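*Asks:* The structure follows.
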Amino acid sequence: MFWPVEKKNVSLPTDKTPGGFLEDRGDRIHCGIDIHTPIGSKVFAIEKGVVVNSSLFTSPAIISYWFDTYQLIIKACSGLYYRYAELGPPIVQIGQQINAGDLIGHVRQVLNPRMISNKSPEYIQQLVATGKNSMLHLEIYDTEPIQSSLYKGGNWFDKTPPDGLIDPYTILKQIVSQNTKEI
Ligand SMILES: [Zn+2]
């Protein structure tokens with residue numbers, strides 16, 4: 001398995017910190033983990049698999065403080081599904097076979113500071129105040145992610161997480177401990 005972003009020495013959010021798995025955001029919970037990294041950072045496939053979804057993820061047409069970003073869902077040979085999101089325009093296509101460590105996209109700025117006000121969600125205001133406008137949003141599932149109106153831009157608008165969602169933190173920690181080689 002490969003580390004998914006260009007720089008390895010990033011601090012991973014835990015479930016107790018902003019951007020962590022299942023972070024309680026008031027009316028929504030966070031479905032993944034945010035790896036804050038500069039705009040344009042390369043994103044690599046954690047595991048070998050096939051691209052099963054490549055589509056628009058966030059857009060100002062959905063929420064005004066979002067820029068357009070894209071998502072990829074890769075069904076890995078292990079059976080896990082990886083959602084890599086808040087990326088620039090797709091560089092891989094649906095149906096394409098991907099090896100672990102392949103370049104699959106680049107991080108794009110997701111938050112538009114100019115559209116954020118004191119009426120925006122608290123966690124969004126805090127992200128922008130600390131300059132965290134770009135990140136890899138990573139979700140991992142052990143079954144195919146369901147399509148639901150409760151899901152929007154990496155958040156789930158309910159208290160009970162969607163079926164199959166698992167904690168990416170344990171997998172990322174495993175990669176760090178197994179692979180000390182810089183990509
Ligand atoms: Zn996120």
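In the structure tokens, chains take the letters A, B, ... in the order shown, each chain's residues start at 1, and ligands count up from 1 in the order shown.
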Report as a Markdown table the residues of chain A within 12 Å of ligand 1, each with its shortest atom pair and distance in Å (one decimal), using only C-alpha atoms and all ligand atoms, ordered by chain and increasing residue number.
*Replies:*
| residue | atom | partner | partner_atom_place_in_ligand_line | distance |
| --- | --- | --- | --- | --- |
| A:Pro13 | CA | ligand 1 | 1 (Zn) | 10.5 |
| A:Pro18 | CA | ligand 1 | 1 (Zn) | 9.4 |
| A:Gly19 | CA | ligand 1 | 1 (Zn) | 5.9 |
| A:Gly20 | CA | ligand 1 | 1 (Zn) | 8.0 |
| A:Phe21 | CA | ligand 1 | 1 (Zn) | 8.5 |
| A:Leu22 | CA | ligand 1 | 1 (Zn) | 9.8 |
| A:Glu23 | CA | ligand 1 | 1 (Zn) | 9.5 |
| A:Asp24 | CA | ligand 1 | 1 (Zn) | 11.9 |
| A:Arg25 | CA | ligand 1 | 1 (Zn) | 11.1 |
| A:Arg28 | CA | ligand 1 | 1 (Zn) | 11.6 |
| A:Ile29 | CA | ligand 1 | 1 (Zn) | 9.8 |
| A:His30 | CA | ligand 1 | 1 (Zn) | 6.3 |
| A:Cys31 | CA | ligand 1 | 1 (Zn) | 7.0 |
| A:Gly32 | CA | ligand 1 | 1 (Zn) | 5.7 |
| A:Ile33 | CA | ligand 1 | 1 (Zn) | 5.6 |
| A:Asp34 | CA | ligand 1 | 1 (Zn) | 4.7 |
| A:Ile35 | CA | ligand 1 | 1 (Zn) | 8.2 |
| A:His36 | CA | ligand 1 | 1 (Zn) | 9.4 |
| A:Phe57 | CA | ligand 1 | 1 (Zn) | 11.2 |
| A:Thr58 | CA | ligand 1 | 1 (Zn) | 11.1 |
| A:Gln71 | CA | ligand 1 | 1 (Zn) | 11.7 |
| A:Arg83 | CA | ligand 1 | 1 (Zn) | 10.7 |
| A:Tyr84 | CA | ligand 1 | 1 (Zn) | 10.0 |
| A:Ala85 | CA | ligand 1 | 1 (Zn) | 8.1 |
| A:Glu86 | CA | ligand 1 | 1 (Zn) | 8.2 |
| A:Leu87 | CA | ligand 1 | 1 (Zn) | 11.7 |
| A:Val110 | CA | ligand 1 | 1 (Zn) | 10.0 |
| A:Leu111 | CA | ligand 1 | 1 (Zn) | 11.2 |
| A:Tyr123 | CA | ligand 1 | 1 (Zn) | 10.9 |
| A:Ile124 | CA | ligand 1 | 1 (Zn) | 10.7 |
| A:Leu127 | CA | ligand 1 | 1 (Zn) | 11.1 |
| A:Lys132 | CA | ligand 1 | 1 (Zn) | 11.3 |
| A:Asn133 | CA | ligand 1 | 1 (Zn) | 11.0 |
| A:Ser134 | CA | ligand 1 | 1 (Zn) | 9.8 |
| A:Met135 | CA | ligand 1 | 1 (Zn) | 7.6 |
| A:Leu136 | CA | ligand 1 | 1 (Zn) | 7.4 |
| A:His137 | CA | ligand 1 | 1 (Zn) | 4.4 |
| A:Leu138 | CA | ligand 1 | 1 (Zn) | 6.9 |
| A:Glu139 | CA | ligand 1 | 1 (Zn) | 8.4 |
| A:Lys152 | CA | ligand 1 | 1 (Zn) | 10.5 |
| A:Gly153 | CA | ligand 1 | 1 (Zn) | 7.6 |
| A:Gly154 | CA | ligand 1 | 1 (Zn) | 5.3 |
| A:Asn155 | CA | ligand 1 | 1 (Zn) | 7.3 |
| A:Trp156 | CA | ligand 1 | 1 (Zn) | 10.8 |
| A:Pro168 | CA | ligand 1 | 1 (Zn) | 11.7 |
*Asks:* As a PyMOL selection string, please: every residue in region 19-159 of chain A that DSSP puts in alpha helix (DSSP H).
*Replies:* chain A and resi 122-129
*Asks:* Can you work out which one of A:Met1, A:Ala76, A:Ile91, A:Ala129 has the shortest atom-to-atom distance to Ser117 (chain A), counting only C-alpha atoms?
*Replies:*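 Under the stated criterion, the closest residue is A:Ala129.
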*Asks:* Using only C-alpha atoms, which of the listed residues (A:Ile39, A:Ile166, A:Ile74, A:Ile140) sits closest to Ile104 (chain A)?
*Replies:*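 Between A:Ile39, A:Ile166, A:Ile74, A:Ile140, the residue approaching Ile104 (chain A) most closely is A:Ile74.
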*Asks:* One number please: CA of Gln93 (chain A) to CA of Lys75 (chain A), in Å, one decimal.
*Replies:*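 Taking CA of Gln93 (chain A) and CA of Lys75 (chain A), their separation equals 13.0 Å.
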*Asks:* How would you write, as a PDB file with C-alpha atoms, in the first residue's frame, the set of residues in region 48-165 of chain A that DSSP gives as strand (DSSP E or B)?
*Replies:*
ATOM      1  CA  GLY A  49      -7.824  -1.496  -8.350  1.00  0.00           C
ATOM      2  CA  VAL A  50     -10.176  -0.141 -10.976  1.00  0.00           C
ATOM      3  CA  VAL A  51     -11.784   3.305 -11.278  1.00  0.00           C
ATOM      4  CA  VAL A  52     -15.546   2.885 -10.803  1.00  0.00           C
ATOM      5  CA  ASN A  53     -16.563   6.537 -10.477  1.00  0.00           C
ATOM      6  CA  SER A  54     -15.108   9.824 -11.652  1.00  0.00           C
ATOM      7  CA  SER A  55     -17.359  12.839 -11.202  1.00  0.00           C
ATOM      8  CA  LEU A  56     -17.939  16.333  -9.864  1.00  0.00           C
ATOM      9  CA  PHE A  57     -17.740  16.352  -6.063  1.00  0.00           C
ATOM     10  CA  THR A  58     -18.207  19.955  -4.932  1.00  0.00           C
ATOM     11  CA  TRP A  66     -17.233  25.577  -2.695  1.00  0.00           C
ATOM     12  CA  THR A  69     -13.641  19.752  -7.314  1.00  0.00           C
ATOM     13  CA  TYR A  70     -13.806  16.154  -8.473  1.00  0.00           C
ATOM     14  CA  GLN A  71     -13.864  12.689  -6.946  1.00  0.00           C
ATOM     15  CA  LEU A  72     -12.602   9.286  -7.934  1.00  0.00           C
ATOM     16  CA  ILE A  73     -13.807   6.021  -6.487  1.00  0.00           C
ATOM     17  CA  ILE A  74     -11.443   3.100  -6.887  1.00  0.00           C
ATOM     18  CA  LYS A  75     -12.557  -0.440  -6.165  1.00  0.00           C
ATOM     19  CA  ALA A  76      -9.413  -2.073  -4.837  1.00  0.00           C
ATOM     20  CA  TYR A  81     -13.574   1.150  -2.010  1.00  0.00           C
ATOM     21  CA  TYR A  82     -11.489   4.319  -1.836  1.00  0.00           C
ATOM     22  CA  ARG A  83     -13.027   7.724  -2.466  1.00  0.00           C
ATOM     23  CA  TYR A  84     -10.344  10.301  -3.290  1.00  0.00           C
ATOM     24  CA  ALA A  85     -11.975  13.715  -3.361  1.00  0.00           C
ATOM     25  CA  GLU A  86     -11.483  17.466  -3.621  1.00  0.00           C
ATOM     26  CA  LEU A  87      -9.276  16.944  -6.660  1.00  0.00           C
ATOM     27  CA  GLN A  97      -6.860  -0.201 -14.034  1.00  0.00           C
ATOM     28  CA  ILE A  98      -4.729   1.515 -11.414  1.00  0.00           C
ATOM     29  CA  LEU A 103      -0.607   9.173  -9.901  1.00  0.00           C
ATOM     30  CA  ILE A 104      -4.399   9.563  -9.960  1.00  0.00           C
ATOM     31  CA  GLY A 105      -4.973  13.297  -9.495  1.00  0.00           C
ATOM     32  CA  HIS A 106      -4.003  16.594  -7.930  1.00  0.00           C
ATOM     33  CA  VAL A 107      -5.429  18.398  -4.928  1.00  0.00           C
ATOM     34  CA  GLN A 109      -8.686  24.351  -3.646  1.00  0.00           C
ATOM     35  CA  LEU A 111     -13.037  26.404  -0.141  1.00  0.00           C
ATOM     36  CA  SER A 134      -7.160  22.548   0.111  1.00  0.00           C
ATOM     37  CA  MET A 135      -6.935  18.930   1.162  1.00  0.00           C
ATOM     38  CA  LEU A 136      -7.300  15.355   0.051  1.00  0.00           C
ATOM     39  CA  HIS A 137     -10.628  14.136   1.391  1.00  0.00           C
ATOM     40  CA  LEU A 138     -10.311  10.364   1.717  1.00  0.00           C
ATOM     41  CA  GLU A 139     -13.071   7.883   2.505  1.00  0.00           C
ATOM     42  CA  ILE A 140     -12.824   4.111   2.670  1.00  0.00           C
ATOM     43  CA  TYR A 141     -15.678   1.596   2.537  1.00  0.00           C
ATOM     44  CA  TYR A 151     -24.443  12.579   1.390  1.00  0.00           C
ATOM     45  CA  LYS A 152     -22.994  15.903   0.263  1.00  0.00           C
ATOM     46  CA  ASN A 155     -20.469  14.886   4.825  1.00  0.00           C
ATOM     47  CA  TRP A 156     -23.398  12.753   5.932  1.00  0.00           C
ATOM     48  CA  LEU A 165     -17.856   3.266   5.947  1.00  0.00           C
TER      49      LEU A 165
END
*Asks:* Of the residues A:Val92, A:Ala100, A:Cys77, A:Ile146, which is the one nearest to Trp3 (chain A), using only C-alpha atoms?
*Replies:*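 Going through A:Val92, A:Ala100, A:Cys77, A:Ile146 one by one, the smallest distance to Trp3 (chain A) is for A:Ala100.
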*Asks:* Quick one: of A:Phe67, A:Tyr169, A:Phe2, A:Phe157, who's nearest to Asn99 (chain A), counting only C-alpha atoms?
*Replies:*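 Residue with the minimum atom-to-atom distance to Asn99 (chain A): A:Phe2.
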